[in-house]
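Novice: Next up, query-v2.tsv (TSV, C-alpha atoms (C1' of nucleotides)).
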chain	number	residue	atom	x	y	z
U	1	MET	CA	-97.33	6.20	24.57
U	2	HIS	CA	-96.74	9.91	25.11
U	3	THR	CA	-93.47	11.77	25.28
U	4	THR	CA	-92.60	13.73	28.39
U	5	GLU	CA	-93.22	16.96	26.53
U	6	GLN	CA	-96.64	15.86	25.37
U	7	ILE	CA	-97.59	14.99	28.91
U	8	LEU	CA	-96.60	18.44	30.10
U	9	LYS	CA	-98.58	20.04	27.29
U	10	HIS	CA	-101.65	18.00	28.10
U	11	HIS	CA	-101.46	19.36	31.59
U	12	HIS	CA	-101.12	22.94	30.37
U	13	LEU	CA	-97.57	23.32	31.53
U	14	ARG	CA	-94.84	25.10	29.65
U	15	ILE	CA	-91.95	22.97	28.52
U	16	THR	CA	-88.91	23.73	30.63
U	17	GLU	CA	-85.82	21.78	31.47
U	18	ILE	CA	-86.61	21.20	35.12
U	19	ARG	CA	-90.14	20.04	34.35
U	20	ILE	CA	-88.94	17.49	31.84
U	21	GLU	CA	-86.27	16.16	34.13
U	22	LEU	CA	-88.41	16.04	37.25
U	23	LEU	CA	-91.23	14.29	35.45
U	24	GLN	CA	-88.88	11.72	33.97
U	25	TYR	CA	-87.33	11.18	37.35
U	26	PHE	CA	-90.72	10.45	38.84
U	27	GLN	CA	-91.50	8.06	36.00
U	28	LYS	CA	-88.18	6.29	36.37
U	29	ASN	CA	-88.53	5.86	40.11
U	30	GLY	CA	-92.10	4.72	40.39
U	31	LYS	CA	-92.36	5.70	44.01
U	32	ALA	CA	-93.23	8.71	46.10
U	33	LEU	CA	-90.52	11.35	46.40
U	34	THR	CA	-89.90	14.25	48.75
U	35	HIS	CA	-88.47	17.63	47.97
U	36	ALA	CA	-85.32	16.49	49.74
U	37	ASP	CA	-84.98	13.49	47.42
U	38	LEU	CA	-85.18	15.77	44.43
U	39	GLU	CA	-82.82	18.33	45.85
U	40	LEU	CA	-80.28	15.59	46.36
U	41	GLN	CA	-80.56	14.62	42.71
U	42	PHE	CA	-80.83	18.02	41.15
U	43	ASN	CA	-79.27	20.63	43.42
U	44	LYS	CA	-76.35	21.11	41.07
U	45	LYS	CA	-78.61	21.92	38.21
U	46	PHE	CA	-81.68	23.59	39.69
U	47	ASP	CA	-82.44	25.86	42.61
U	48	ARG	CA	-84.21	24.57	45.74
U	49	VAL	CA	-87.02	27.04	45.29
U	50	THR	CA	-87.52	26.13	41.67
U	51	ILE	CA	-87.92	22.51	42.68
U	52	TYR	CA	-90.59	23.52	45.19
U	53	ARG	CA	-92.37	25.57	42.57
U	54	THR	CA	-92.20	22.80	40.03
U	55	LEU	CA	-93.78	20.40	42.49
U	56	THR	CA	-96.50	22.93	43.19
U	57	SER	CA	-97.30	23.44	39.54
U	58	PHE	CA	-97.36	19.67	38.95
U	59	LEU	CA	-99.79	19.38	41.85
U	60	GLU	CA	-102.01	22.15	40.58
U	61	ASN	CA	-102.12	20.64	37.14
U	62	GLY	CA	-102.91	17.15	38.26
U	63	LEU	CA	-99.64	15.52	37.33
U	64	LEU	CA	-98.72	14.69	40.90
U	65	HIS	CA	-100.62	14.18	44.09
U	66	LYS	CA	-99.53	14.66	47.65
U	67	ILE	CA	-99.53	11.64	49.89
U	68	PRO	CA	-100.68	12.27	53.44
U	69	ASP	CA	-98.42	10.65	55.97
U	70	ASP	CA	-97.41	11.33	59.51
U	71	THR	CA	-93.83	12.48	59.11
U	72	GLY	CA	-94.67	16.06	58.29
U	73	VAL	CA	-92.61	15.90	55.11
U	74	ALA	CA	-94.56	16.21	51.88
U	75	LYS	CA	-94.36	13.23	49.55
U	76	TYR	CA	-95.41	13.35	45.94
U	77	ALA	CA	-96.28	10.68	43.43
U	78	LEU	CA	-97.49	10.52	39.86
U	79	CYS	CA	-101.23	10.44	39.49
U	80	SER	CA	-101.54	7.47	37.16
U	81	HIS	CA	-99.57	4.58	35.75
U	82	GLU	CA	-98.28	6.33	32.66
U	83	GLY	CA	-98.28	9.75	34.11
U	84	SER	CA	-99.96	10.56	30.85
U	85	THR	CA	-103.62	11.20	31.36
U	86	HIS	CA	-105.90	12.11	34.15
U	87	THR	CA	-107.45	9.11	35.83
U	88	HIS	CA	-109.95	9.31	38.66
U	89	ASP	CA	-108.00	11.20	41.19
U	90	ASP	CA	-110.32	11.34	44.12
U	91	HIS	CA	-109.04	8.40	46.04
U	92	HIS	CA	-105.74	6.63	46.47
U	93	VAL	CA	-104.32	3.66	48.21
U	94	HIS	CA	-100.71	3.97	49.30
U	95	PHE	CA	-98.40	1.50	50.90
U	96	LYS	CA	-95.55	2.63	53.12
U	97	CYS	CA	-92.92	0.10	54.10
U	98	ARG	CA	-91.81	0.24	57.71
U	99	LEU	CA	-88.34	-1.06	56.84
U	100	CYS	CA	-87.31	0.79	53.69
U	101	ASP	CA	-89.72	3.75	54.09
U	102	LYS	CA	-90.62	3.56	50.44
U	103	ILE	CA	-94.12	4.71	49.57
U	104	GLU	CA	-95.87	3.18	46.58
U	105	CYS	CA	-99.25	3.83	45.01
U	106	LEU	CA	-101.33	0.71	44.79
U	107	TYR	CA	-103.25	1.54	41.67
U	108	THR	CA	-104.95	-1.79	41.49
U	109	LEU	CA	-106.73	-1.40	44.78
U	110	GLU	CA	-109.93	0.52	45.22
U	111	ILE	CA	-111.07	2.02	48.48
U	112	PRO	CA	-114.21	0.12	49.41
U	113	LYS	CA	-117.43	2.01	49.90
U	114	LEU	CA	-118.11	2.97	53.48
U	115	ALA	CA	-121.29	4.07	55.20
U	116	LEU	CA	-120.52	7.43	56.76
U	117	PRO	CA	-122.49	8.85	59.65
U	118	LYS	CA	-125.62	10.80	58.70
U	119	LYS	CA	-125.12	14.10	56.84
U	120	TYR	CA	-121.47	13.47	56.19
U	121	LYS	CA	-120.50	13.84	52.56
U	122	MET	CA	-117.38	12.15	51.23
U	123	GLU	CA	-115.50	13.97	48.53
U	124	ASN	CA	-112.32	11.99	48.48
U	125	ALA	CA	-110.43	9.40	50.43
U	126	ASN	CA	-106.85	8.38	51.05
U	127	LEU	CA	-105.92	5.05	52.48
U	128	LEU	CA	-102.40	4.69	53.83
U	129	ILE	CA	-101.39	1.15	54.61
U	130	GLU	CA	-98.19	0.53	56.53
U	131	GLY	CA	-96.32	-2.71	56.80
U	132	ILE	CA	-93.61	-4.64	55.00
U	133	CYS	CA	-93.25	-4.46	51.24
U	134	ALA	CA	-92.42	-7.36	48.94
U	135	SER	CA	-88.72	-6.50	48.56
U	136	CYS	CA	-88.13	-6.16	52.28
U	137	HIS	CA	-90.12	-9.32	52.90
U	138	ALA	CA	-87.71	-11.14	50.58
U	139	ILE	CA	-84.59	-9.81	52.29
U	140	LYS	CA	-85.73	-10.66	55.77
I	1	MET	CA	-114.73	5.55	84.54
I	2	HIS	CA	-111.11	6.42	85.18
I	3	THR	CA	-109.64	9.64	86.46
I	4	THR	CA	-107.14	11.53	84.38
I	5	GLU	CA	-104.38	10.45	86.72
I	6	GLN	CA	-105.32	6.81	86.47
I	7	ILE	CA	-105.25	7.02	82.72
I	8	LEU	CA	-101.75	8.47	82.81
I	9	LYS	CA	-100.62	5.75	85.18
I	10	HIS	CA	-102.06	3.02	83.02
I	11	HIS	CA	-99.96	4.37	80.20
I	12	HIS	CA	-96.82	4.43	82.34
I	13	LEU	CA	-96.61	8.17	82.43
I	14	ARG	CA	-95.64	10.20	85.45
I	15	ILE	CA	-98.29	12.52	86.80
I	16	THR	CA	-97.40	16.10	85.97
I	17	GLU	CA	-99.47	19.21	85.61
I	18	ILE	CA	-99.08	19.61	81.89
I	19	ARG	CA	-99.97	15.99	81.24
I	20	ILE	CA	-103.15	16.23	83.25
I	21	GLU	CA	-104.22	19.44	81.59
I	22	LEU	CA	-103.36	18.41	78.06
I	23	LEU	CA	-105.14	15.09	78.42
I	24	GLN	CA	-108.24	16.74	79.82
I	25	TYR	CA	-108.17	19.28	77.03
I	26	PHE	CA	-108.13	16.51	74.45
I	27	GLN	CA	-111.00	14.77	76.22
I	28	LYS	CA	-113.02	17.97	76.38
I	29	ASN	CA	-112.51	18.81	72.73
I	30	GLY	CA	-113.12	15.49	71.10
I	31	LYS	CA	-111.30	16.44	67.94
I	32	ALA	CA	-107.82	16.40	66.56
I	33	LEU	CA	-105.55	19.17	67.77
I	34	THR	CA	-102.28	20.62	66.56
I	35	HIS	CA	-99.37	21.84	68.60
I	36	ALA	CA	-100.40	25.36	67.63
I	37	ASP	CA	-103.88	24.82	69.07
I	38	LEU	CA	-102.35	23.75	72.35
I	39	GLU	CA	-99.83	26.55	72.41
I	40	LEU	CA	-102.66	29.00	72.02
I	41	GLN	CA	-104.41	27.52	75.05
I	42	PHE	CA	-101.44	26.92	77.26
I	43	ASN	CA	-98.59	29.24	76.33
I	44	LYS	CA	-98.99	31.25	79.48
I	45	LYS	CA	-98.62	28.20	81.61
I	46	PHE	CA	-96.30	25.83	79.77
I	47	ASP	CA	-93.36	26.15	77.44
I	48	ARG	CA	-93.70	25.43	73.73
I	49	VAL	CA	-91.09	22.74	73.90
I	50	THR	CA	-92.72	21.06	76.85
I	51	ILE	CA	-95.94	20.87	74.89
I	52	TYR	CA	-94.06	19.18	72.04
I	53	ARG	CA	-92.49	16.74	74.44
I	54	THR	CA	-95.78	15.97	76.12
I	55	LEU	CA	-97.34	15.19	72.77
I	56	THR	CA	-94.41	12.92	71.95
I	57	SER	CA	-94.67	11.03	75.20
I	58	PHE	CA	-98.42	10.62	74.76
I	59	LEU	CA	-97.74	9.24	71.30
I	60	GLU	CA	-95.09	6.84	72.51
I	61	ASN	CA	-97.33	5.56	75.24
I	62	GLY	CA	-100.34	5.04	73.08
I	63	LEU	CA	-102.53	7.77	74.49
I	64	LEU	CA	-102.59	9.77	71.29
I	65	HIS	CA	-102.12	8.97	67.65
I	66	LYS	CA	-100.95	11.16	64.84
I	67	ILE	CA	-103.31	11.73	61.98
I	68	PRO	CA	-101.69	11.75	58.57
I	69	ASP	CA	-102.83	14.62	56.44
I	70	ASP	CA	-101.36	16.66	53.66
I	71	THR	CA	-100.87	20.02	55.34
I	72	GLY	CA	-97.53	19.18	56.91
I	73	VAL	CA	-98.77	20.14	60.35
I	74	ALA	CA	-99.05	17.28	62.82
I	75	LYS	CA	-102.52	16.61	64.23
I	76	TYR	CA	-103.11	14.46	67.28
I	77	ALA	CA	-106.18	12.73	68.62
I	78	LEU	CA	-107.02	10.44	71.50
I	79	CYS	CA	-106.73	6.78	70.73
I	80	SER	CA	-110.11	5.64	71.99
I	81	HIS	CA	-113.50	6.95	73.05
I	82	GLU	CA	-112.75	7.30	76.71
I	83	GLY	CA	-109.10	7.92	76.34
I	84	SER	CA	-108.93	5.40	79.14
I	85	THR	CA	-107.74	2.10	77.87
I	86	HIS	CA	-105.90	0.80	74.93
I	87	THR	CA	-108.22	-0.31	72.17
I	88	HIS	CA	-107.03	-1.84	68.93
I	89	ASP	CA	-104.84	0.86	67.62
I	90	ASP	CA	-103.79	-0.51	64.31
I	91	HIS	CA	-106.24	1.24	62.10
I	92	HIS	CA	-108.13	4.49	62.10
I	93	VAL	CA	-110.69	6.24	60.05
I	94	HIS	CA	-110.57	10.01	60.12
I	95	PHE	CA	-112.82	12.57	58.56
I	96	LYS	CA	-111.54	16.00	57.63
I	97	CYS	CA	-114.04	18.68	56.73
I	98	ARG	CA	-113.13	20.82	53.75
I	99	LEU	CA	-115.04	23.78	55.15
I	100	CYS	CA	-114.22	23.92	58.85
I	101	ASP	CA	-110.96	21.91	58.68
I	102	LYS	CA	-111.95	19.96	61.74
I	103	ILE	CA	-110.65	16.41	61.89
I	104	GLU	CA	-112.65	13.76	63.72
I	105	CYS	CA	-111.98	10.13	64.40
I	106	LEU	CA	-114.78	7.92	63.17
I	107	TYR	CA	-114.51	5.18	65.74
I	108	THR	CA	-117.56	3.36	64.51
I	109	LEU	CA	-116.15	2.67	61.09
I	110	GLU	CA	-113.83	-0.20	60.36
I	111	ILE	CA	-111.43	-0.27	57.46
I	112	PRO	CA	-112.60	-3.11	55.25
I	113	LYS	CA	-110.20	-5.93	54.51
I	114	LEU	CA	-108.23	-5.48	51.33
I	115	ALA	CA	-106.33	-7.95	49.24
I	116	LEU	CA	-102.79	-6.62	49.04
I	117	PRO	CA	-100.37	-7.63	46.29
I	118	LYS	CA	-98.38	-10.80	46.95
I	119	LYS	CA	-95.81	-10.71	49.75
I	120	TYR	CA	-97.06	-7.42	51.12
I	121	LYS	CA	-97.82	-7.52	54.80
I	122	MET	CA	-100.19	-5.01	56.32
I	123	GLU	CA	-99.45	-3.88	59.84
I	124	ASN	CA	-101.77	-0.94	60.12
I	125	ALA	CA	-103.94	1.30	58.05
I	126	ASN	CA	-105.17	4.86	58.12
I	127	LEU	CA	-108.08	6.02	56.07
I	128	LEU	CA	-108.49	9.76	55.68
I	129	ILE	CA	-111.82	10.79	54.23
I	130	GLU	CA	-112.30	14.38	53.19
I	131	GLY	CA	-115.57	16.10	52.52
I	132	ILE	CA	-118.26	18.05	54.36
I	133	CYS	CA	-119.10	17.27	57.97
I	134	ALA	CA	-122.56	17.22	59.49
I	135	SER	CA	-122.33	20.67	61.13
I	136	CYS	CA	-121.13	22.36	57.96
I	137	HIS	CA	-123.72	20.50	55.96
I	138	ALA	CA	-126.39	22.00	58.22
I	139	ILE	CA	-125.08	25.55	57.90
I	140	LYS	CA	-124.86	25.48	54.15
V	1	DA	C1'	-89.15	39.32	15.55
V	2	DA	C1'	-91.64	41.53	19.27
V	3	DC	C1'	-94.45	41.10	22.97
V	4	DA	C1'	-96.94	39.44	26.97
V	5	DT	C1'	-96.82	35.92	30.06
V	6	DT	C1'	-94.77	32.69	32.87
V	7	DA	C1'	-90.52	30.51	34.95
V	8	DT	C1'	-86.12	30.77	37.30
V	9	DG	C1'	-82.47	31.95	40.75
V	10	DC	C1'	-81.03	34.33	44.63
V	11	DA	C1'	-81.62	36.26	49.15
V	12	DA	C1'	-84.28	36.90	52.88
V	13	DC	C1'	-87.86	35.27	55.73
V	14	DT	C1'	-91.43	32.41	58.32
V	15	DA	C1'	-93.00	28.41	60.57
V	16	DA	C1'	-92.53	23.81	62.62
V	17	DA	C1'	-89.93	20.92	65.19
V	18	DT	C1'	-85.61	19.36	67.62
V	19	DT	C1'	-81.50	19.42	70.68
V	20	DG	C1'	-78.47	20.40	74.74
V	21	DC	C1'	-78.21	21.57	79.11
V	22	DA	C1'	-79.08	23.16	83.81
V	23	DA	C1'	-82.48	23.19	87.26
V	24	DG	C1'	-86.57	21.18	89.14
V	25	DT	C1'	-89.96	17.38	90.28
V	26	DA	C1'	-91.96	12.59	90.74
V	27	DT	C1'	-91.56	8.27	92.47
V	28	DA	C1'	-89.45	3.85	94.16
V	29	DT	C1'	-87.03	1.93	97.92
V	30	DA	C1'	-84.73	1.94	101.96
W	1	DT	C1'	-90.54	9.96	105.36
W	2	DA	C1'	-86.05	10.95	103.70
W	3	DT	C1'	-83.31	10.43	99.81
W	4	DA	C1'	-81.25	8.86	95.58
W	5	DT	C1'	-82.36	8.15	90.88
W	6	DA	C1'	-84.65	8.80	86.94
W	7	DC	C1'	-87.56	11.61	84.51
W	8	DT	C1'	-89.46	16.27	83.31
W	9	DT	C1'	-89.31	21.13	82.45
W	10	DG	C1'	-87.87	25.73	80.62
W	11	DC	C1'	-84.84	28.42	78.07
W	12	DA	C1'	-81.78	29.36	74.23
W	13	DA	C1'	-80.04	27.97	70.17
W	14	DT	C1'	-80.38	25.28	66.07
W	15	DT	C1'	-82.23	22.56	62.32
W	16	DT	C1'	-85.40	21.61	58.74
W	17	DA	C1'	-89.30	22.54	55.62
W	18	DG	C1'	-91.43	25.68	53.05
W	19	DT	C1'	-92.60	30.65	51.31
W	20	DT	C1'	-92.13	35.41	49.41
W	21	DG	C1'	-90.29	39.36	46.68
W	22	DC	C1'	-87.95	40.78	43.05
W	23	DA	C1'	-84.87	41.20	39.08
W	24	DT	C1'	-83.62	38.47	35.11
W	25	DA	C1'	-84.47	34.91	31.70
W	26	DA	C1'	-87.09	31.81	28.89
W	27	DT	C1'	-91.48	30.38	26.60
W	28	DG	C1'	-94.94	30.50	23.32
W	29	DT	C1'	-98.27	33.49	20.76
W	30	DT	C1'	-99.23	36.96	17.21
Take the structure in the file and write it out as structure tokens.
Specialist:
Amino acid sequence: MHTTEQILKHHHLRITEIRIELLQYFQKNGKALTHADLELQFNKKFDRVTIYRTLTSFLENGLLHKIPDDTGVAKYALCSHEGSTHTHDDHHVHFKCRLCDKIECLYTLEIPKLALPKKYKMENANLLIEGICASCHAIK
Amino acid sequence: MHTTEQILKHHHLRITEIRIELLQYFQKNGKALTHADLELQFNKKFDRVTIYRTLTSFLENGLLHKIPDDTGVAKYALCSHEGSTHTHDDHHVHFKCRLCDKIECLYTLEIPKLALPKKYKMENANLLIEGICASCHAIK
DNA sequence: AACATTATGCAACTAAATTGCAAGTATATA
DNA sequence: TATATACTTGCAATTTAGTTGCATAATGTT
């Protein structure tokens, strides 16, 4: 297991307070977060803009990935289970619950191979599944 | 084949000028469009806000669907080949070209069945494939 | 410890989308 | 085919998400 600081170093990021806290917050939560979520948590301690820039640097250094969805609000999630090393990052399966709106990465699922039309070249793929998650299923 | 007006009627939409023109513009283009694309075309004739509201009503009535992507700008595309009737609308495969940024619906492809974790219920799925499209492949 | 590089906070700004409201138009039904 | 009702439109103002510039502060390298 790696410490938060080691993870940052491995991704060529300087060790700063906001980076440590944001990364740990992502690890603790285990779900996709928006800038607004983070601002709610951290606005007393860190500036809005710094949170944006931290997200951007995490993205650029492969610590987070952006999850495409149709709300127009960017959602970010850790790139692998541990958040420690770089796994294959070219396709993702995400599950978004219609009831609680939570977005999870389904690491265990692989996107099946598809036959694209002629001359199309796939570079990466994102599968967003919507429905009801296990917790909401239980409640209902 | 249905006329534009018939299509609107089938989707329980009143016949108005902007609805006819927007729908025809989608049919003519055959690719996903943003509000900005439409504003560029129609700003002399229709108000920005009216374009937004037309897109929303098309969405609500199943004429268009929103394509999730990671730019934060909403993209819309017709729900079926003809734009005429309601096909199964619960899953979509889209292809976004890294070079020309064009997004197409790949109607011919089906999203393969996946085994979700226990108690998860899938209601719909969106697969976004990114890469190089046929036209850009040719140019290069 | 000194330096170059990178990160942070603040203020201002841009872009995308939404809301309220008054005036106008489409359509059902009488 | 007139008319009442419900829906649609345009305009102005507002909200929300995200970006940029710049001065100051912190990091990590030598």
Novice: Each residue of chain W lying at most 10 Å from chain U should get a row with its shortest atom-to-atom pair and the distance in Å to one decimal, counting all atoms listed in the file; could you produce that, ordered by chain and increasing number, as a Markdown table?
Specialist:
| residue | atom | partner | partner_atom | distance |
| --- | --- | --- | --- | --- |
| W:DT16 | C1' | U:Val73 | CA | 9.9 |
| W:DA17 | C1' | U:Val73 | CA | 7.4 |
| W:DG18 | C1' | U:Tyr52 | CA | 8.2 |
| W:DT19 | C1' | U:Val49 | CA | 9.0 |
| W:DA26 | C1' | U:Thr16 | CA | 8.5 |
| W:DT27 | C1' | U:Arg14 | CA | 7.0 |
| W:DG28 | C1' | U:Arg14 | CA | 8.3 |
Novice: Pull the neighbourhood of (-89.1, 24.0, 41.2) for me: all residues within 10 Å in file coordinates, counting all atoms listed in the file, as JSON, numbers by chain.
Specialist: {"U": [18, 19, 22, 35, 38, 39, 46, 47, 48, 49, 50, 51, 52, 53, 54, 55, 56, 57, 58], "V": [7, 8]}
Novice: Residues of chain V were defined as contacting chain I if any atom lay at most 10 Å from it, counting all atoms listed in the file; please report them as an MDAnalysis selection string.
Specialist: chainID V and resid 16:18 25:27
Novice: Compute the chain I side of the contact with chain U at 9 Å, counting only C-alpha atoms, and hand it back as a PyMOL selection string.
Specialist: chain I and resi 66-75+91+95+98+106+108-135+137-138
Novice: How far is it from atom CA of U:Leu40 to atom CA of U:Tyr25, in Å with one decimal?
Specialist: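 Separation of atom CA of U:Leu40 and atom CA of U:Tyr25: 12.3 Å.
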Novice: Can you give me chain U superposed onto chain I, least-squares on all Cα in order, written as a short mmCIF file (atom, residue, chain, number, x, y, z; two decimals) with C-alpha atoms, in the coordinates of the input?
Specialist:
data_model
loop_
_atom_site.label_atom_id
_atom_site.label_comp_id
_atom_site.auth_asym_id
_atom_site.auth_seq_id
_atom_site.Cartn_x
_atom_site.Cartn_y
_atom_site.Cartn_z
CA MET U 1 -114.93 5.72 84.47
CA HIS U 2 -111.30 6.60 85.15
CA THR U 3 -109.87 9.85 86.42
CA THR U 4 -107.33 11.70 84.34
CA GLU U 5 -104.61 10.69 86.76
CA GLN U 6 -105.53 7.03 86.56
CA ILE U 7 -105.38 7.17 82.80
CA LEU U 8 -101.89 8.62 82.92
CA LYS U 9 -100.80 5.95 85.39
CA HIS U 10 -102.19 3.19 83.22
CA HIS U 11 -100.04 4.49 80.44
CA HIS U 12 -96.94 4.59 82.63
CA LEU U 13 -96.72 8.34 82.67
CA ARG U 14 -95.81 10.44 85.65
CA ILE U 15 -98.49 12.76 86.92
CA THR U 16 -97.61 16.33 86.04
CA GLU U 17 -99.66 19.44 85.61
CA ILE U 18 -99.22 19.77 81.87
CA ARG U 19 -100.09 16.13 81.27
CA ILE U 20 -103.31 16.40 83.22
CA GLU U 21 -104.35 19.58 81.50
CA LEU U 22 -103.43 18.48 78.00
CA LEU U 23 -105.21 15.18 78.38
CA GLN U 24 -108.33 16.85 79.71
CA TYR U 25 -108.21 19.33 76.89
CA PHE U 26 -108.13 16.53 74.36
CA GLN U 27 -111.03 14.82 76.10
CA LYS U 28 -113.05 18.02 76.22
CA ASN U 29 -112.49 18.80 72.56
CA GLY U 30 -113.08 15.44 70.99
CA LYS U 31 -111.21 16.33 67.85
CA ALA U 32 -107.70 16.27 66.50
CA LEU U 33 -105.42 19.06 67.71
CA THR U 34 -102.12 20.48 66.51
CA HIS U 35 -99.24 21.75 68.55
CA ALA U 36 -100.29 25.24 67.50
CA ASP U 37 -103.79 24.73 68.91
CA LEU U 38 -102.31 23.73 72.23
CA GLU U 39 -99.79 26.52 72.28
CA LEU U 40 -102.60 28.97 71.78
CA GLN U 41 -104.40 27.55 74.80
CA PHE U 42 -101.49 26.97 77.08
CA ASN U 43 -98.61 29.26 76.14
CA LYS U 44 -99.09 31.34 79.26
CA LYS U 45 -98.74 28.36 81.47
CA PHE U 46 -96.39 25.96 79.70
CA ASP U 47 -93.39 26.22 77.42
CA ARG U 48 -93.64 25.43 73.69
CA VAL U 49 -91.04 22.72 73.99
CA THR U 50 -92.75 21.11 76.93
CA ILE U 51 -95.93 20.88 74.90
CA TYR U 52 -94.01 19.14 72.12
CA ARG U 53 -92.47 16.74 74.58
CA THR U 54 -95.78 16.01 76.21
CA LEU U 55 -97.29 15.15 72.85
CA THR U 56 -94.35 12.89 72.13
CA SER U 57 -94.66 11.04 75.40
CA PHE U 58 -98.42 10.64 74.90
CA LEU U 59 -97.69 9.20 71.47
CA GLU U 60 -95.07 6.82 72.77
CA ASN U 61 -97.36 5.60 75.49
CA GLY U 62 -100.34 5.04 73.29
CA LEU U 63 -102.53 7.80 74.62
CA LEU U 64 -102.56 9.72 71.37
CA HIS U 65 -102.03 8.86 67.76
CA LYS U 66 -100.82 11.00 64.92
CA ILE U 67 -103.17 11.55 62.04
CA PRO U 68 -101.55 11.56 58.62
CA ASP U 69 -102.76 14.41 56.49
CA ASP U 70 -101.35 16.48 53.70
CA THR U 71 -100.78 19.82 55.39
CA GLY U 72 -97.44 18.92 56.88
CA VAL U 73 -98.63 19.91 60.34
CA ALA U 74 -98.90 17.08 62.85
CA LYS U 75 -102.36 16.44 64.24
CA TYR U 76 -103.01 14.35 67.30
CA ALA U 77 -106.09 12.64 68.64
CA LEU U 78 -106.98 10.40 71.54
CA CYS U 79 -106.69 6.72 70.80
CA SER U 80 -110.08 5.59 72.05
CA HIS U 81 -113.45 6.91 73.11
CA GLU U 82 -112.69 7.28 76.80
CA GLY U 83 -109.04 7.87 76.39
CA SER U 84 -108.86 5.31 79.14
CA THR U 85 -107.68 2.01 77.82
CA HIS U 86 -105.83 0.73 74.86
CA THR U 87 -108.11 -0.37 72.06
CA HIS U 88 -106.91 -1.88 68.80
CA ASP U 89 -104.71 0.83 67.54
CA ASP U 90 -103.57 -0.48 64.23
CA HIS U 91 -106.07 1.19 62.02
CA HIS U 92 -108.07 4.39 62.07
CA VAL U 93 -110.67 6.14 60.06
CA HIS U 94 -110.55 9.92 60.16
CA PHE U 95 -112.81 12.50 58.67
CA LYS U 96 -111.52 15.94 57.73
CA CYS U 97 -114.03 18.63 56.88
CA ARG U 98 -113.14 20.79 53.91
CA LEU U 99 -115.03 23.77 55.33
CA CYS U 100 -114.16 23.87 59.03
CA ASP U 101 -110.92 21.83 58.79
CA LYS U 102 -111.89 19.85 61.84
CA ILE U 103 -110.57 16.31 61.97
CA GLU U 104 -112.57 13.67 63.81
CA CYS U 105 -111.92 10.00 64.48
CA LEU U 106 -114.72 7.82 63.25
CA TYR U 107 -114.46 5.08 65.80
CA THR U 108 -117.49 3.26 64.58
CA LEU U 109 -116.09 2.59 61.16
CA GLU U 110 -113.74 -0.24 60.38
CA ILE U 111 -111.36 -0.27 57.47
CA PRO U 112 -112.57 -3.06 55.21
CA LYS U 113 -110.24 -5.89 54.37
CA LEU U 114 -108.35 -5.41 51.14
CA ALA U 115 -106.47 -7.87 48.97
CA LEU U 116 -102.95 -6.52 48.66
CA PRO U 117 -100.63 -7.45 45.84
CA LYS U 118 -98.61 -10.64 46.36
CA LYS U 119 -95.96 -10.58 49.11
CA TYR U 120 -97.17 -7.33 50.56
CA LYS U 121 -97.83 -7.50 54.28
CA MET U 122 -100.17 -5.01 55.92
CA GLU U 123 -99.31 -3.96 59.43
CA ASN U 124 -101.62 -1.03 59.83
CA ALA U 125 -103.86 1.25 57.86
CA ASN U 126 -105.12 4.80 58.02
CA LEU U 127 -108.08 5.98 56.06
CA LEU U 128 -108.53 9.72 55.71
CA ILE U 129 -111.86 10.77 54.31
CA GLU U 130 -112.37 14.37 53.28
CA GLY U 131 -115.65 16.09 52.68
CA ILE U 132 -118.28 18.04 54.57
CA CYS U 133 -119.08 17.25 58.18
CA ALA U 134 -122.54 17.21 59.74
CA SER U 135 -122.26 20.66 61.36
CA CYS U 136 -121.09 22.36 58.20
CA HIS U 137 -123.73 20.52 56.21
CA ALA U 138 -126.34 22.03 58.53
CA ILE U 139 -125.03 25.58 58.19
CA LYS U 140 -124.84 25.52 54.44
#
